[in-house]
$ cat my_file.pdb   # PDB, C-alpha atoms and all ligand atoms
ATOM      1  CA  MET A   2     -34.277  31.166 101.784
ATOM      2  CA  ARG A   3     -32.684  31.236  98.343
ATOM      3  CA  THR A   4     -30.411  34.173  97.525
ATOM      4  CA  LEU A   5     -28.982  35.053  94.127
ATOM      5  CA  VAL A   6     -25.953  37.353  93.903
ATOM      6  CA  VAL A   7     -25.264  38.756  90.432
ATOM      7  CA  ASP A   8     -21.850  40.180  89.619
ATOM      8  CA  LEU A   9     -21.398  40.597  85.880
ATOM      9  CA  LEU A  10     -19.316  43.754  85.843
ATOM     10  CA  GLY A  11     -16.652  41.787  84.019
ATOM     11  CA  GLY A  12     -13.521  42.205  86.097
ATOM     12  CA  LEU A  13     -11.843  39.751  88.410
ATOM     13  CA  GLY A  14     -11.342  42.595  90.865
ATOM     14  CA  ASP A  15     -15.047  43.402  90.728
ATOM     15  CA  LEU A  16     -15.874  39.909  91.932
ATOM     16  CA  VAL A  17     -13.311  40.131  94.740
ATOM     17  CA  MET A  18     -14.918  43.378  95.884
ATOM     18  CA  VAL A  19     -18.308  41.694  96.251
ATOM     19  CA  LEU A  20     -16.998  38.679  98.208
ATOM     20  CA  PRO A  21     -17.472  40.324 101.635
ATOM     21  CA  SER A  22     -21.128  40.872 100.761
ATOM     22  CA  VAL A  23     -21.452  37.232  99.695
ATOM     23  CA  HIS A  24     -20.026  36.106 103.025
ATOM     24  CA  ALA A  25     -22.228  38.497 104.965
ATOM     25  CA  LEU A  26     -25.316  37.248 103.111
ATOM     26  CA  ARG A  27     -24.400  33.687 104.006
ATOM     27  CA  ASP A  28     -23.965  34.627 107.679
ATOM     28  CA  ALA A  29     -27.376  36.292 107.582
ATOM     29  CA  ASP A  30     -28.983  33.076 106.346
ATOM     30  CA  PRO A  31     -26.720  30.170 107.317
ATOM     31  CA  GLY A  32     -29.260  27.503 106.469
ATOM     32  CA  GLY A  33     -30.268  28.924 103.105
ATOM     33  CA  GLU A  34     -29.066  28.529  99.561
ATOM     34  CA  LEU A  35     -26.777  31.153  98.042
ATOM     35  CA  VAL A  36     -26.062  31.141  94.308
ATOM     36  CA  VAL A  37     -23.623  33.469  92.544
ATOM     37  CA  LEU A  38     -23.946  34.382  88.879
ATOM     38  CA  THR A  39     -20.718  35.758  87.434
ATOM     39  CA  HIS A  40     -18.253  35.400  84.542
ATOM     40  CA  ALA A  41     -15.923  32.487  83.950
ATOM     41  CA  PRO A  42     -12.517  33.962  84.784
ATOM     42  CA  GLY A  43     -13.434  34.798  88.348
ATOM     43  CA  ALA A  44     -15.964  32.054  88.995
ATOM     44  CA  VAL A  45     -13.236  29.621  90.022
ATOM     45  CA  LEU A  46     -12.472  31.813  93.032
ATOM     46  CA  LEU A  47     -15.719  30.539  94.553
ATOM     47  CA  GLU A  48     -14.999  26.844  93.985
ATOM     48  CA  ARG A  49     -14.072  25.949  97.565
ATOM     49  CA  ASP A  50     -16.084  28.647  99.287
ATOM     50  CA  PRO A  51     -18.480  27.073 101.801
ATOM     51  CA  ALA A  52     -20.639  30.206 101.718
ATOM     52  CA  VAL A  53     -21.584  29.542  98.101
ATOM     53  CA  SER A  54     -24.060  26.780  97.300
ATOM     54  CA  ALA A  55     -23.654  26.986  93.523
ATOM     55  CA  VAL A  56     -22.070  29.148  90.844
ATOM     56  CA  ARG A  57     -23.688  29.995  87.523
ATOM     57  CA  VAL A  58     -21.571  31.391  84.716
ATOM     58  CA  SER A  59     -22.603  33.876  82.060
ATOM     59  CA  ALA A  60     -20.948  33.981  78.679
ATOM     60  CA  PRO A  61     -19.637  37.386  77.640
ATOM     61  CA  HIS A  62     -22.279  39.548  75.920
ATOM     62  CA  ALA A  63     -25.065  37.265  77.143
ATOM     63  CA  GLU A  64     -25.452  38.675  80.638
ATOM     64  CA  ARG A  65     -29.065  39.784  80.466
ATOM     65  CA  ALA A  66     -30.175  36.363  79.201
ATOM     66  CA  ALA A  67     -28.132  34.677  81.918
ATOM     67  CA  VAL A  68     -29.839  36.771  84.588
ATOM     68  CA  GLY A  69     -33.249  35.987  83.103
ATOM     69  CA  SER A  70     -32.505  32.264  83.123
ATOM     70  CA  ALA A  71     -31.238  32.382  86.701
ATOM     71  CA  LEU A  72     -34.377  34.179  87.884
ATOM     72  CA  ALA A  73     -36.605  31.701  86.071
ATOM     73  CA  ASP A  74     -34.721  28.622  87.248
ATOM     74  CA  LEU A  75     -34.154  29.652  90.853
ATOM     75  CA  ALA A  76     -37.105  31.898  91.749
ATOM     76  CA  PRO A  77     -34.895  33.484  94.425
ATOM     77  CA  ASP A  78     -36.301  35.028  97.586
ATOM     78  CA  LEU A  79     -33.604  37.715  97.508
ATOM     79  CA  VAL A  80     -31.510  39.046  94.617
ATOM     80  CA  VAL A  81     -28.487  41.283  95.099
ATOM     81  CA  THR A  82     -26.888  42.614  91.945
ATOM     82  CA  THR A  83     -23.848  44.806  91.392
ATOM     83  CA  THR A  84     -24.797  44.943  87.726
ATOM     84  CA  ARG A  85     -27.469  47.100  86.097
ATOM     85  CA  PHE A  86     -26.347  47.519  82.480
ATOM     86  CA  ASP A  87     -28.446  46.289  79.552
ATOM     87  CA  GLY A  88     -31.610  46.519  81.633
ATOM     88  CA  ILE A  89     -30.420  43.945  84.174
ATOM     89  CA  GLY A  90     -31.328  46.188  87.105
ATOM     90  CA  ASP A  91     -34.885  46.613  85.835
ATOM     91  CA  LEU A  92     -35.157  42.905  85.062
ATOM     92  CA  VAL A  93     -34.256  42.054  88.652
ATOM     93  CA  ASP A  94     -36.583  44.698  90.089
ATOM     94  CA  ASP A  95     -39.501  43.667  87.867
ATOM     95  CA  ASP A  96     -39.059  39.999  88.750
ATOM     96  CA  ALA A  97     -39.032  40.777  92.475
ATOM     97  CA  ALA A  98     -42.106  42.995  92.156
ATOM     98  CA  ALA A  99     -43.974  40.333  90.171
ATOM     99  CA  ARG A 100     -43.215  37.593  92.680
ATOM    100  CA  GLY A 101     -43.342  39.708  95.840
ATOM    101  CA  THR A 102     -39.722  39.006  96.745
ATOM    102  CA  ARG A 103     -36.762  41.234  97.675
ATOM    103  CA  ALA A 104     -34.149  42.775  95.395
ATOM    104  CA  VAL A 105     -31.261  45.126  96.085
ATOM    105  CA  SER A 106     -30.376  46.237  92.619
ATOM    106  CA  ASN A 107     -28.550  49.526  92.939
ATOM    107  CA  LEU A 108     -25.363  49.196  94.909
ATOM    108  CA  TRP A 109     -23.984  52.235  93.048
ATOM    109  CA  ARG A 110     -26.429  54.793  94.351
ATOM    110  CA  SER A 111     -24.847  58.125  95.310
ATOM    111  CA  PRO A 112     -21.315  56.723  95.601
ATOM    112  CA  PRO A 113     -19.006  58.957  97.603
ATOM    113  CA  PRO A 114     -15.420  59.236  96.245
ATOM    114  CA  ASP A 115     -13.878  58.351  99.582
ATOM    115  CA  GLU A 116     -15.639  55.095 100.471
ATOM    116  CA  LEU A 117     -14.192  51.770  99.306
ATOM    117  CA  VAL A 118     -16.483  50.057  96.803
ATOM    118  CA  GLY A 119     -16.666  46.750  98.667
ATOM    119  CA  GLU A 120     -17.427  48.513 101.930
ATOM    120  CA  ARG A 121     -20.037  50.672 100.220
ATOM    121  CA  TYR A 122     -21.808  47.512  99.027
ATOM    122  CA  GLN A 123     -21.880  46.159 102.564
ATOM    123  CA  ARG A 124     -23.189  49.388 104.116
ATOM    124  CA  ILE A 125     -25.995  49.588 101.562
ATOM    125  CA  LEU A 126     -26.938  45.949 102.170
ATOM    126  CA  ALA A 127     -26.878  46.542 105.931
ATOM    127  CA  ALA A 128     -29.064  49.625 105.487
ATOM    128  CA  GLU A 129     -31.457  47.443 103.472
ATOM    129  CA  GLY A 130     -31.548  45.062 106.407
ATOM    130  CA  VAL A 131     -30.300  41.997 104.530
ATOM    131  CA  ILE A 132     -26.901  41.678 106.261
ATOM    132  CA  ALA A 133     -25.493  42.602 109.653
ATOM    133  CA  ASP A 134     -23.923  46.020 110.093
ATOM    134  CA  ARG A 135     -20.301  44.828 110.128
ATOM    135  CA  VAL A 136     -17.831  45.649 107.371
ATOM    136  CA  ARG A 137     -15.381  42.885 106.508
ATOM    137  CA  PRO A 138     -12.528  42.487 103.975
ATOM    138  CA  PRO A 139     -12.561  40.118 100.960
ATOM    139  CA  ARG A 140     -11.507  36.507 101.501
ATOM    140  CA  VAL A 141     -10.833  33.830  98.890
ATOM    141  CA  VAL A 142     -11.059  30.332 100.362
ATOM    142  CA  LEU A 143      -8.277  27.902  99.445
ATOM    143  CA  GLY A 144      -8.199  24.212 100.295
ATOM    144  CA  ASP A 145      -5.405  22.693 102.395
ATOM    145  CA  ASP A 146      -4.286  20.741  99.349
ATOM    146  CA  GLU A 147      -4.116  23.910  97.281
ATOM    147  CA  ARG A 148      -2.128  25.731  99.940
ATOM    148  CA  ALA A 149       0.280  22.780 100.152
ATOM    149  CA  ALA A 150       0.743  22.841  96.376
ATOM    150  CA  GLY A 151       1.369  26.586  96.530
ATOM    151  CA  ARG A 152       4.058  26.105  99.169
ATOM    152  CA  GLN A 153       5.701  23.400  97.113
ATOM    153  CA  ALA A 154       5.654  25.494  93.932
ATOM    154  CA  THR A 155       7.359  28.410  95.694
ATOM    155  CA  ALA A 156       9.713  26.418  97.906
ATOM    156  CA  ALA A 157      12.769  27.522  95.930
ATOM    157  CA  LEU A 158      12.063  31.200  96.600
ATOM    158  CA  PRO A 159      13.796  32.692  99.644
ATOM    159  CA  ASP A 160      11.806  33.900 102.648
ATOM    160  CA  GLY A 161      10.617  37.464 102.194
ATOM    161  CA  THR A 162      10.489  37.280  98.408
ATOM    162  CA  VAL A 163       8.908  40.292  96.748
ATOM    163  CA  LEU A 164       6.551  39.196  93.997
ATOM    164  CA  LEU A 165       6.190  41.723  91.174
ATOM    165  CA  VAL A 166       2.942  41.757  89.185
ATOM    166  CA  PRO A 167       3.571  44.289  86.389
ATOM    167  CA  ALA A 168       0.749  43.299  84.048
ATOM    168  CA  ALA A 169      -2.584  45.087  83.986
ATOM    169  CA  GLY A 170      -5.607  44.393  81.859
ATOM    170  CA  MET A 171      -5.851  48.079  80.988
ATOM    171  CA  ALA A 172      -2.863  50.049  79.729
ATOM    172  CA  VAL A 173      -3.819  53.040  81.856
ATOM    173  CA  LYS A 174      -3.125  51.018  85.002
ATOM    174  CA  ARG A 175       0.422  49.979  84.145
ATOM    175  CA  TRP A 176       3.299  51.397  86.164
ATOM    176  CA  PRO A 177       6.066  52.226  83.636
ATOM    177  CA  ALA A 178       8.304  49.264  82.693
ATOM    178  CA  PRO A 179      11.555  51.093  83.637
ATOM    179  CA  ARG A 180      10.183  51.581  87.147
ATOM    180  CA  TRP A 181       9.607  47.852  87.522
ATOM    181  CA  VAL A 182      13.183  47.204  86.429
ATOM    182  CA  ALA A 183      14.519  49.806  88.860
ATOM    183  CA  LEU A 184      12.433  48.346  91.697
ATOM    184  CA  ALA A 185      13.689  44.818  90.969
ATOM    185  CA  ARG A 186      17.288  46.037  90.982
ATOM    186  CA  ALA A 187      16.858  48.012  94.198
ATOM    187  CA  LEU A 188      15.368  44.983  95.934
ATOM    188  CA  ARG A 189      18.127  42.705  94.684
ATOM    189  CA  ASP A 190      20.763  45.228  95.745
ATOM    190  CA  ALA A 191      19.191  45.102  99.201
ATOM    191  CA  GLY A 192      19.669  41.336  99.195
ATOM    192  CA  ARG A 193      16.024  40.447  98.751
ATOM    193  CA  GLY A 194      14.516  37.641  96.775
ATOM    194  CA  VAL A 195      12.528  38.957  93.827
ATOM    195  CA  ALA A 196      10.262  37.089  91.423
ATOM    196  CA  ALA A 197       7.727  38.118  88.827
ATOM    197  CA  VAL A 198       4.280  36.961  87.787
ATOM    198  CA  GLY A 199       3.144  36.918  84.198
ATOM    199  CA  GLU A 200       5.991  38.701  82.442
ATOM    200  CA  ASP A 201       9.713  39.189  82.645
ATOM    201  CA  VAL A 202      11.123  41.960  84.830
ATOM    202  CA  ASP A 203      14.864  42.394  84.370
ATOM    203  CA  GLY A 204      15.472  38.654  84.298
ATOM    204  CA  VAL A 205      14.191  37.870  87.806
ATOM    205  CA  PRO A 206      12.651  34.392  88.132
ATOM    206  CA  THR A 207       9.136  34.216  86.762
ATOM    207  CA  LEU A 208       6.587  31.957  88.417
ATOM    208  CA  PRO A 209       5.621  29.162  86.015
ATOM    209  CA  PRO A 210       2.176  29.591  84.476
ATOM    210  CA  THR A 211      -0.721  28.174  86.438
ATOM    211  CA  ASP A 212      -4.441  28.736  86.740
ATOM    212  CA  LEU A 213      -6.031  31.421  88.894
ATOM    213  CA  ARG A 214      -6.434  29.235  91.963
ATOM    214  CA  GLY A 215      -2.880  27.988  91.574
ATOM    215  CA  LEU A 216      -1.660  31.566  91.442
ATOM    216  CA  ALA A 217      -3.714  32.422  94.526
ATOM    217  CA  ALA A 218      -2.130  29.517  96.403
ATOM    218  CA  ARG A 219       1.364  30.565  95.360
ATOM    219  CA  VAL A 220       0.976  34.168  96.429
ATOM    220  CA  ALA A 221      -0.548  32.957  99.701
ATOM    221  CA  ALA A 222       2.547  30.800 100.246
ATOM    222  CA  VAL A 223       4.886  33.704  99.480
ATOM    223  CA  GLY A 224       2.952  35.818 101.968
ATOM    224  CA  GLU A 225       3.166  33.141 104.650
ATOM    225  CA  ARG A 226       6.943  33.335 104.422
ATOM    226  CA  GLY A 227       7.143  37.098 104.840
ATOM    227  CA  GLY A 228       6.870  37.960 101.178
ATOM    228  CA  VAL A 229       5.086  40.926  99.645
ATOM    229  CA  VAL A 230       3.083  41.245  96.411
ATOM    230  CA  VAL A 231       3.461  44.479  94.424
ATOM    231  CA  GLY A 232       1.233  45.421  91.506
ATOM    232  CA  GLY A 233      -1.270  47.824  90.061
ATOM    233  CA  ASP A 234      -4.995  48.135  90.560
ATOM    234  CA  THR A 235      -5.620  44.667  89.163
ATOM    235  CA  GLY A 236      -7.576  41.534  89.950
ATOM    236  CA  PRO A 237      -4.541  39.366  90.776
ATOM    237  CA  VAL A 238      -3.344  41.883  93.380
ATOM    238  CA  ARG A 239      -6.823  41.922  94.935
ATOM    239  CA  VAL A 240      -6.762  38.120  94.984
ATOM    240  CA  ALA A 241      -3.346  38.223  96.679
ATOM    241  CA  ALA A 242      -4.716  40.411  99.463
ATOM    242  CA  ALA A 243      -7.798  38.212  99.724
ATOM    243  CA  VAL A 244      -5.677  35.120 100.436
ATOM    244  CA  GLY A 245      -3.752  36.974 103.118
ATOM    245  CA  ALA A 246      -0.587  38.069 101.320
ATOM    246  CA  PRO A 247       0.792  41.519 102.259
ATOM    247  CA  THR A 248       0.321  43.798  99.264
ATOM    248  CA  VAL A 249       1.501  47.115  97.901
ATOM    249  CA  ALA A 250      -0.946  48.374  95.271
ATOM    250  CA  LEU A 251      -0.100  51.184  92.859
ATOM    251  CA  PHE A 252      -3.038  53.432  91.994
ATOM    252  CA  GLY A 253      -2.950  55.963  89.183
ATOM    253  CA  PRO A 254      -6.131  56.611  87.216
ATOM    254  CA  THR A 255      -8.301  55.075  89.910
ATOM    255  CA  LEU A 256      -8.648  56.704  93.293
ATOM    256  CA  ALA A 257      -7.318  54.549  96.122
ATOM    257  CA  THR A 258      -9.856  55.953  98.561
ATOM    258  CA  ARG A 259     -12.567  54.383  96.405
ATOM    259  CA  TYR A 260     -10.892  51.466  94.636
ATOM    260  CA  GLY A 261      -8.156  50.724  97.159
ATOM    261  CA  LEU A 262      -7.595  47.401  98.853
ATOM    262  CA  GLU A 263      -9.106  47.028 102.295
ATOM    263  CA  GLU A 264      -5.855  45.525 103.535
ATOM    264  CA  GLY A 265      -2.302  46.241 102.499
ATOM    265  CA  ARG A 266      -0.704  49.471 101.366
ATOM    266  CA  ASP A 267      -2.286  51.570  98.640
ATOM    267  CA  LEU A 268      -0.101  54.201  96.983
ATOM    268  CA  GLN A 269      -1.738  56.990  95.011
ATOM    269  CA  GLY A 270      -0.032  58.806  92.156
ATOM    270  CA  PHE A 271      -1.008  62.403  91.444
ATOM    271  CA  PRO A 272      -4.011  62.516  93.785
ATOM    272  CA  GLY A 273      -4.943  65.987  92.537
ATOM    273  CA  CYS A 274      -5.439  65.090  88.870
ATOM    274  CA  PRO A 275      -8.372  67.230  87.702
ATOM    275  CA  HIS A 276      -9.402  64.678  85.056
ATOM    276  CA  ARG A 277     -10.101  61.860  87.490
ATOM    277  CA  ARG A 278     -13.769  60.801  87.760
ATOM    278  CA  PRO A 279     -13.787  58.462  90.758
ATOM    279  CA  THR A 280     -17.538  57.891  90.694
ATOM    280  CA  ALA A 281     -17.797  57.663  86.881
ATOM    281  CA  ILE A 282     -14.565  55.926  86.020
ATOM    282  CA  THR A 283     -15.552  54.721  82.562
ATOM    283  CA  GLU A 284     -16.176  58.321  81.500
ATOM    284  CA  GLN A 285     -12.683  59.386  82.547
ATOM    285  CA  VAL A 286     -10.791  60.810  79.562
ATOM    286  CA  CYS A 287      -7.816  58.459  79.933
ATOM    287  CA  TRP A 288      -9.737  55.309  80.842
ATOM    288  CA  TRP A 289     -10.105  53.322  77.633
ATOM    289  CA  ASP A 290      -6.969  54.191  75.658
ATOM    290  CA  ALA A 291      -4.533  55.386  78.348
ATOM    291  CA  GLY A 292      -4.327  58.736  76.606
ATOM    292  CA  CYS A 293      -3.300  61.142  79.338
ATOM    293  CA  PRO A 294      -3.950  64.812  78.573
ATOM    294  CA  LEU A 295      -1.165  65.732  80.969
ATOM    295  CA  SER A 296       1.662  63.696  79.440
ATOM    296  CA  ASP A 297       2.686  62.264  76.071
ATOM    297  CA  ALA A 298       4.810  59.666  77.843
ATOM    298  CA  GLY A 299       1.934  57.756  79.475
ATOM    299  CA  PRO A 300      -0.278  58.166  82.542
ATOM    300  CA  ALA A 301       1.170  61.077  84.513
ATOM    301  CA  CYS A 302      -0.332  59.709  87.728
ATOM    302  CA  LEU A 303       1.661  56.492  87.570
ATOM    303  CA  GLU A 304       4.775  58.415  86.550
ATOM    304  CA  ASP A 305       4.171  60.273  89.795
ATOM    305  CA  LEU A 306       4.886  57.142  91.850
ATOM    306  CA  PRO A 307       8.661  56.935  92.325
ATOM    307  CA  VAL A 308      10.547  53.728  92.965
ATOM    308  CA  ALA A 309      11.731  54.992  96.351
ATOM    309  CA  GLU A 310       8.144  55.390  97.565
ATOM    310  CA  VAL A 311       7.243  51.877  96.454
ATOM    311  CA  LEU A 312      10.375  50.508  98.075
ATOM    312  CA  THR A 313       9.487  52.172 101.361
ATOM    313  CA  ALA A 314       5.996  50.682 101.221
ATOM    314  CA  VAL A 315       7.411  47.229 100.453
ATOM    315  CA  ARG A 316       9.729  47.496 103.439
ATOM    316  CA  ALA A 317       6.810  48.483 105.673
ATOM    317  CA  ALA A 318       4.635  45.670 104.354
ATOM    318  CA  ALA A 319       7.406  43.139 104.845
ATOM    319  CA  ALA A 320       8.031  44.364 108.389
ATOM    320  CA  THR A 321       4.354  43.805 109.148
ATOM    321  CA  ALA A 322       4.644  40.303 107.758
ATOM    322  CA  GLY A 323       7.607  39.626 109.988
ATOM    323  CA  ALA A 324      10.337  39.780 107.373
ATOM    324  CA  VAL A 325      13.167  42.306 107.340
ATOM    325  CA  ILE A 326      14.154  44.085 104.154
ATOM    326  CA  GLY A 327      17.498  45.838 104.076
TER     327      GLY A 327
HETATM  328  S1  LIG B   1      -5.668  62.110  83.189
HETATM  329 FE1  LIG B   1      -3.594  61.332  83.263
HETATM  330  S2  LIG B   1      -2.875  61.786  85.348
HETATM  331 FE2  LIG B   1      -5.104  62.010  85.334
HETATM  332  S3  LIG B   1      -5.884  60.041  86.018
HETATM  333 FE3  LIG B   1      -5.825  59.986  83.767
HETATM  334  S4  LIG B   1      -3.834  59.097  83.232
HETATM  335 FE4  LIG B   1      -3.760  59.735  85.393
END

$ encode --input "my_file.pdb" --output "C-alpha cells" --more "lines below"
Ligand code: SF4
Amino acid sequence: MRTLVVDLLGGLGDLVMVLPSVHALRDADPGGELVVLTHAPGAVLLERDPAVSAVRVSAPHAERAAVGSALADLAPDLVVTTTRFDGIGDLVDDDAAARGTRAVSNLWRSPPPDELVGERYQRILAAEGVIADRVRPPRVVLGDDERAAGRQATAALPDGTVLLVPAAGMAVKRWPAPRWVALARALRDAGRGVAAVGEDVDGVPTLPPTDLRGLAARVAAVGERGGVVVGGDTGPVRVAAAVGAPTVALFGPTLATRYGLEEGRDLQGFPGCPHRRPTAITEQVCWWDAGCPLSDAGPACLEDLPVAEVLTAVRAAAATAGAVIG
C-alpha cells in the first residue's frame, strides 16, 4: 500500500505533532510505502526515519500545487492530511473519491480544548481504522554518528546543564527577557551549568550555530547527561522532547492541555484568560501581534509564570533525569 501524509501547516512543531501518526501508519503497513509532504525547515527531521520511504517538500505559498502533484505522481492508496486550507482538504477528498481510495482529511473535527493535538490525530486515525488504537509520543530518529557528534559538541558543558531556549517564532510566545536573565542567574547561583540556544542570555555560553539535526543531537546529548531544556511553545523545544531530552515548556497564549508536550513538564501562565481560543488559536486577539488586551507590558499570561515556578519545574525534570540541582 502507498500512503501519503500531508503536513503543510507551516510550523516545525506542527510536524513534530504528526510524527506519532506517521509512525503508527508505518506500523499498520510495515511493508508499504509511506511518503510525507511537508515544508523544508522540518523535512530534515525525517531524514533518518526508517518509517518514512520518501519526503516531498512544498515551497511556501505553493502548497495546493504541491499536494496536487503528489497525488498525481503517487496515486496513493491512503492520504492523511493535517492541512485543509486553500482547498487542500477538498482536493484530497475529491481525488480519493475519483480513484476509490481512502482519505482522512479532517483531523481538526470537533477538537476538544483538553486533548493534546498529536494524540487527537492518533485517536481520529484509530477511529477511522487506519492505525492501531495506541497513543504514542513524538520521536525524532537520530543516527549514531549524529548522536556522537552531538556529544562531542557539548562535551565542555557540565553534567546537568540547563539549556535555555528563549527565542520564539511568534512574539506572543516569548517569556519576558528579564525572566530569562533571572532564571540563568538563579541556576548559576545554585551551581548549575547553564547554556543558551540561539541568543544571548546574561552572558551564559551559547551553543555554536548548527543545523536543525545538529541542534537535535546536541540537546539529546545534554539530556543524556542529566540536562534539561527550557523554552516556550516552540518547535525546537518539541524537537528536544522528541529526542528524549527532559523539557520544561512555558505556555502562555496557547493552552498546555491542547498544545502541551506529551512528555516533560508543561507550565501554564494565566490559565483563566478569557481571551484564549484554544480550538481557534489563529483567531485569538493576541495571536498575530502579541497585543494583549490585559497588559501594555506584553502577554499577561507569560508574565504570570514566575522564575521560581520554572526553577522548581527544572529541578523536578533534572531529578527525573538523574541529575541533582541545588
Ligand atoms: S490575551 Fe493576553 S493573557 Fe490572554 S492569552 Fe493572549 S496574551 Fe495571554

$ residues_near_ligand --input "my_file.pdb" --ligand "ligand LIG 1 (chain B)" --cutoff "9 Å" --atoms "all atoms listed in the file" --output "PDB file with C-alpha atoms, in the frame of the given file"
ATOM      1  CA  VAL A 173      -3.819  53.040  81.856  1.00  0.00           C
ATOM      2  CA  LYS A 174      -3.125  51.018  85.002  1.00  0.00           C
ATOM      3  CA  GLY A 253      -2.950  55.963  89.183  1.00  0.00           C
ATOM      4  CA  PRO A 254      -6.131  56.611  87.216  1.00  0.00           C
ATOM      5  CA  THR A 255      -8.301  55.075  89.910  1.00  0.00           C
ATOM      6  CA  LEU A 256      -8.648  56.704  93.293  1.00  0.00           C
ATOM      7  CA  GLY A 270      -0.032  58.806  92.156  1.00  0.00           C
ATOM      8  CA  PHE A 271      -1.008  62.403  91.444  1.00  0.00           C
ATOM      9  CA  PRO A 272      -4.011  62.516  93.785  1.00  0.00           C
ATOM     10  CA  GLY A 273      -4.943  65.987  92.537  1.00  0.00           C
ATOM     11  CA  CYS A 274      -5.439  65.090  88.870  1.00  0.00           C
ATOM     12  CA  PRO A 275      -8.372  67.230  87.702  1.00  0.00           C
ATOM     13  CA  HIS A 276      -9.402  64.678  85.056  1.00  0.00           C
ATOM     14  CA  ARG A 277     -10.101  61.860  87.490  1.00  0.00           C
ATOM     15  CA  ARG A 278     -13.769  60.801  87.760  1.00  0.00           C
ATOM     16  CA  GLN A 285     -12.683  59.386  82.547  1.00  0.00           C
ATOM     17  CA  VAL A 286     -10.791  60.810  79.562  1.00  0.00           C
ATOM     18  CA  CYS A 287      -7.816  58.459  79.933  1.00  0.00           C
ATOM     19  CA  TRP A 288      -9.737  55.309  80.842  1.00  0.00           C
ATOM     20  CA  ALA A 291      -4.533  55.386  78.348  1.00  0.00           C
ATOM     21  CA  GLY A 292      -4.327  58.736  76.606  1.00  0.00           C
ATOM     22  CA  CYS A 293      -3.300  61.142  79.338  1.00  0.00           C
ATOM     23  CA  PRO A 294      -3.950  64.812  78.573  1.00  0.00           C
ATOM     24  CA  LEU A 295      -1.165  65.732  80.969  1.00  0.00           C
ATOM     25  CA  SER A 296       1.662  63.696  79.440  1.00  0.00           C
ATOM     26  CA  GLY A 299       1.934  57.756  79.475  1.00  0.00           C
ATOM     27  CA  PRO A 300      -0.278  58.166  82.542  1.00  0.00           C
ATOM     28  CA  ALA A 301       1.170  61.077  84.513  1.00  0.00           C
ATOM     29  CA  CYS A 302      -0.332  59.709  87.728  1.00  0.00           C
ATOM     30  CA  LEU A 303       1.661  56.492  87.570  1.00  0.00           C
ATOM     31  CA  GLU A 304       4.775  58.415  86.550  1.00  0.00           C
ATOM     32  CA  ASP A 305       4.171  60.273  89.795  1.00  0.00           C
TER      33      ASP A 305
END

$ residues_around --input "my_file.pdb" --residues "A:Val195" --least-positions-apart "6" --cutoff "8 Å" --atoms "all atoms listed in the file" --output "MDAnalysis selection string"
chainID A and resid 162:165 185 188:189 205:206

$ write_last_selection --input "my_file.pdb" --atoms "C-alpha atoms" --output "PDB file, in the frame of the given file"
ATOM      1  CA  THR A 162      10.489  37.280  98.408  1.00  0.00           C
ATOM      2  CA  VAL A 163       8.908  40.292  96.748  1.00  0.00           C
ATOM      3  CA  LEU A 164       6.551  39.196  93.997  1.00  0.00           C
ATOM      4  CA  LEU A 165       6.190  41.723  91.174  1.00  0.00           C
ATOM      5  CA  ALA A 185      13.689  44.818  90.969  1.00  0.00           C
ATOM      6  CA  LEU A 188      15.368  44.983  95.934  1.00  0.00           C
ATOM      7  CA  ARG A 189      18.127  42.705  94.684  1.00  0.00           C
ATOM      8  CA  VAL A 205      14.191  37.870  87.806  1.00  0.00           C
ATOM      9  CA  PRO A 206      12.651  34.392  88.132  1.00  0.00           C
TER      10      PRO A 206
END

$ residues_around --input "my_file.pdb" --residues "A:Arg135" --least-positions-apart "4" --cutoff "12 Å" --atoms "only C-alpha atoms" --output "list in words"
Pro21, Ser22, His24, Ala25, Leu26, Asp28, Ala29, Glu120, Arg121, Tyr122, Gln123, Arg124, Ile125, Leu126, Ala127, Ala128, Gly130 and Val131 of chain A

$ closest_residue --input "my_file.pdb" --among "A:Asp15, A:Asp234, A:Glu263, A:Asp91" --to "A:Ala168" --atoms "all atoms listed in the file"
A:Asp234

$ residues_around --input "my_file.pdb" --residues "A:Val315" --least-positions-apart "4" --cutoff "10 Å" --atoms "all atoms listed in the file" --output "VMD selection string"
chain A and resid 163 188 228 to 231 247 to 250 265 to 266 309 to 311 319 to 321 326

$ closest_residue --input "my_file.pdb" --among "A:Leu16, A:Ala55, A:Ala257, A:Leu47" --to "A:Arg214" --atoms "all atoms listed in the file"
A:Leu47

$ resolve_selection --input "my_file.pdb" --expression "the PyMOL selection byres (((chain A and resi 90) around 12) and not hetatm)" --output "VMD selection string"
chain A and resid 7 to 9 64 to 65 68 to 69 80 to 89 91 to 97 104 to 109

$ atom_distance --input "my_file.pdb" --atom1 "atom CA of A:Arg226" --atom2 "atom CA of A:Pro138"
21.5 Å

$ axis_aligned_box --input "my_file.pdb" --around "stretch 188-191 of chain A" --padding-each-side "5 Å" --output "AutoDock Vina command-line options"
--center_x 18.1 --center_y 44.0 --center_z 96.9 --size_x 15.4 --size_y 12.5 --size_z 14.5

$ residues_around --input "my_file.pdb" --residues "A:Met2" --least-positions-apart "3" --cutoff "7 Å" --atoms "only C-alpha atoms" --output "CSV table (one decimal) with C-alpha atoms, in the coordinates of the input"
chain,number,residue,atom,x,y,z
A,33,GLY,CA,-30.3,28.9,103.1
A,34,GLU,CA,-29.1,28.5,99.6
A,78,ASP,CA,-36.3,35.0,97.6

$ closest_residue --input "my_file.pdb" --among "A:Ala196, A:Ala187, A:Leu143, A:Ala221" --to "A:Leu46" --atoms "only C-alpha atoms"
A:Leu143

$ atom_distance --input "my_file.pdb" --atom1 "atom CA of A:Pro159" --atom2 "atom CA of A:Gly194"
5.8 Å

$ resolve_selection --input "my_file.pdb" --expression "the PyMOL selection byres (((chain A and resi 12) around 9) and not hetatm)" --output "VMD selection string"
chain A and resid 9 to 11 13 to 17 40 42 to 43 235 to 236

$ atom_distance --input "my_file.pdb" --atom1 "atom CA of A:Gly204" --atom2 "atom CA of A:Ala298"
24.4 Å

$ resolve_selection --input "my_file.pdb" --expression "the PyMOL selection byres (((chain A and resi 241) around 9) and not hetatm)" --output "list in words"
Val141, Leu216, Ala217, Ala218, Val220, Ala221, Gly224, Val230, Gly236, Pro237, Val238, Arg239, Val240, Ala242, Ala243, Val244, Gly245, Ala246, Pro247 and Thr248 of chain A

$ residues_near_point --input "my_file.pdb" --point "(-23.2, 27.5, 99.6)" --cutoff "6 Å" --atoms "all atoms listed in the file" --output "ChimeraX atom specification"
/A:34-35,51-54
